[in-house]
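Comments concern the structure below.
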Amino acid sequence: MASKLKIKVNGLVHNVTASLDTPLLYVLHNELHLHGPRFGCGLAQCGACSVLLDGKEIRSCVTPVAAVSGKAVTTLEGLPALYAKERGTATSQPASLHPVQQAWIDVQVAQCGYCQNGMMIQATDLLSRVKRPTDEDIRTAMNGHLCRCGTYIRITRAIKRAGAVMAKEAKS
Ligand code: FES
Ligand code: FES
């Protein structure tokens, strides 16, 4: 049976109508038209559907929408505003990409791109906890994210680049 729910996504509260056990991913796609998170396996195995929940990476394909009530969901689309808020420079229309997104462009990480939403979300989670991650830190954090195109080396390079930018900006 469908219920009326309020969920906070990318800083905005949305009223949605869905069964309590509907996967968050379906609500993001079908109700809010946010297509950063992708449907891959649907089984919490690949990471394509990742979003941040109160800053921590989760798999939206297996997270019931009711479980995010009262919490803050951030999708790939919301990363620029999240970073601006963290730095205390939030405006209604943040001009820049999140450093993780910019590093992905600078390093030209993506091939087909299908997995890259989850990679960037997980990288953002990692860099919120570990400012200058080592190769081992990155391998451990990214372990549950699959890239069939094999972009792992460029992902590592981009995460280090983003970490360096964020450390520099934190001092300025
Ligand atoms: S689609 Fe969610 S982990 Fe694969
Ligand atoms: S870039 Fe194609 S699956 Fe990762």
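Chain lettering (A, B, ...) mirrors the order of the structure tokens, residue numbering begins at 1 for each chain separately, and ligand numbering begins at 1 in order of display.
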
Please give me, as an mmCIF file with C-alpha atoms, in the first residue's frame, the residues lying within 10 Å of ligand 1 when counting only C-alpha atoms and all ligand atoms.
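File produced: out32.cif:
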```
data_model
loop_
_atom_site.group_PDB
_atom_site.id
_atom_site.type_symbol
_atom_site.label_atom_id
_atom_site.label_comp_id
_atom_site.auth_asym_id
_atom_site.auth_seq_id
_atom_site.Cartn_x
_atom_site.Cartn_y
_atom_site.Cartn_z
ATOM 1 C CA PRO A 23 13.817 0.905 -3.063
ATOM 2 C CA LEU A 25 16.616 4.209 -6.152
ATOM 3 C CA PRO A 37 22.445 6.865 -9.343
ATOM 4 C CA ARG A 38 22.226 3.951 -11.793
ATOM 5 C CA PHE A 39 20.542 0.591 -11.645
ATOM 6 C CA GLY A 40 23.198 -2.098 -12.035
ATOM 7 C CA CYS A 41 22.738 -5.366 -10.177
ATOM 8 C CA GLY A 42 19.874 -4.431 -7.844
ATOM 9 C CA LEU A 43 21.529 -6.621 -5.200
ATOM 10 C CA ALA A 44 23.982 -4.300 -3.396
ATOM 11 C CA GLN A 45 26.853 -5.942 -5.293
ATOM 12 C CA CYS A 46 28.109 -3.385 -7.830
ATOM 13 C CA GLY A 47 27.775 0.128 -6.354
ATOM 14 C CA ALA A 48 26.272 1.801 -9.424
ATOM 15 C CA CYS A 49 23.267 3.020 -7.396
ATOM 16 C CA SER A 50 25.223 4.564 -4.502
ATOM 17 C CA VAL A 51 24.123 7.730 -2.747
ATOM 18 C CA ILE A 58 24.731 3.382 0.839
ATOM 19 C CA ARG A 59 23.247 1.223 -1.902
ATOM 20 C CA SER A 60 19.959 2.826 -2.907
ATOM 21 C CA CYS A 61 18.813 -0.301 -4.788
ATOM 22 C CA VAL A 62 18.344 -2.215 -1.515
ATOM 23 C CA THR A 63 17.494 0.658 0.842
ATOM 24 C CA CYS A 115 29.835 2.654 -12.691
ATOM 25 C CA GLY A 118 29.091 4.993 -7.375
ATOM 26 C CA GLY A 144 32.740 -3.038 -3.350
ATOM 27 C CA HIS A 145 32.481 -1.012 -6.575
ATOM 28 C CA LEU A 146 32.811 -2.820 -9.875
#
```

Contacts of chain A with ligand 2 up to 7 Å, shortest pair per row, only C-alpha atoms and all ligand atoms, as a tab-separated table:
```
residue	atom	partner	partner_atom_place_in_ligand_line	distance
A:Ala110	CA	ligand 2	1 (S)	4.7
A:Gln111	CA	ligand 2	1 (S)	4.1
A:Cys112	CA	ligand 2	2 (Fe)	3.9
A:Gly113	CA	ligand 2	1 (S)	4.0
A:Tyr114	CA	ligand 2	3 (S)	4.9
A:Cys115	CA	ligand 2	4 (Fe)	4.3
A:Gln116	CA	ligand 2	4 (Fe)	5.8
A:Leu146	CA	ligand 2	4 (Fe)	6.9
A:Cys147	CA	ligand 2	4 (Fe)	3.6
A:Arg148	CA	ligand 2	3 (S)	4.3
A:Cys149	CA	ligand 2	2 (Fe)	4.3
A:Gly150	CA	ligand 2	4 (Fe)	6.4
A:Thr151	CA	ligand 2	1 (S)	6.0
```

Env of Thr140 in chain A: 12 Å cut, atoms = only C-alpha atoms, seq-sep filter 6 positions within chain, self excluded. Answer as number ranges by chain. A: 122-123, 126, 133-134, 156

Atoms kept (N, CA, C and O atoms) for selection, written as an mmCIF file, in the first residue's frame:
```
data_model
loop_
_atom_site.group_PDB
_atom_site.id
_atom_site.type_symbol
_atom_site.label_atom_id
_atom_site.label_comp_id
_atom_site.auth_asym_id
_atom_site.auth_seq_id
_atom_site.Cartn_x
_atom_site.Cartn_y
_atom_site.Cartn_z
ATOM 1 N N GLN A 122 31.429 7.065 -3.514
ATOM 2 C CA GLN A 122 32.296 6.390 -2.535
ATOM 3 C C GLN A 122 33.557 7.207 -2.273
ATOM 4 O O GLN A 122 34.032 7.296 -1.134
ATOM 5 N N ALA A 123 34.097 7.825 -3.313
ATOM 6 C CA ALA A 123 35.287 8.668 -3.145
ATOM 7 C C ALA A 123 34.978 9.856 -2.233
ATOM 8 O O ALA A 123 35.810 10.243 -1.397
ATOM 9 N N LEU A 126 34.930 8.587 1.268
ATOM 10 C CA LEU A 126 36.302 8.339 1.724
ATOM 11 C C LEU A 126 37.009 9.651 2.094
ATOM 12 O O LEU A 126 37.614 9.755 3.171
ATOM 13 N N PRO A 133 44.264 9.991 1.280
ATOM 14 C CA PRO A 133 44.281 8.526 1.318
ATOM 15 C C PRO A 133 45.453 7.922 0.537
ATOM 16 O O PRO A 133 45.876 8.462 -0.485
ATOM 17 N N THR A 134 45.958 6.825 1.051
ATOM 18 C CA THR A 134 46.997 6.059 0.363
ATOM 19 C C THR A 134 46.340 5.147 -0.678
ATOM 20 O O THR A 134 45.123 4.978 -0.689
ATOM 21 N N THR A 156 42.019 5.928 -8.826
ATOM 22 C CA THR A 156 42.966 6.190 -7.737
ATOM 23 C C THR A 156 43.630 7.550 -7.931
ATOM 24 O O THR A 156 43.730 8.348 -6.994
#
```

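Minimum atom-to-atom distance to Ala67 in chain A, evaluated using only C-alpha atoms, belongs to A:Lys8 out of A:Arg87, A:Arg139, A:Lys8, A:Lys160.
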
According to DSSP computed on the backbone, where in range 13-57 of chain A is there strand (DSSP E)? Give the residues as a list in words. Val13, His14, Asn15, Val16, Thr17, Ala18, Ser19, Ser50, Val51, Leu52, Leu53, Lys56 and Glu57 of chain A
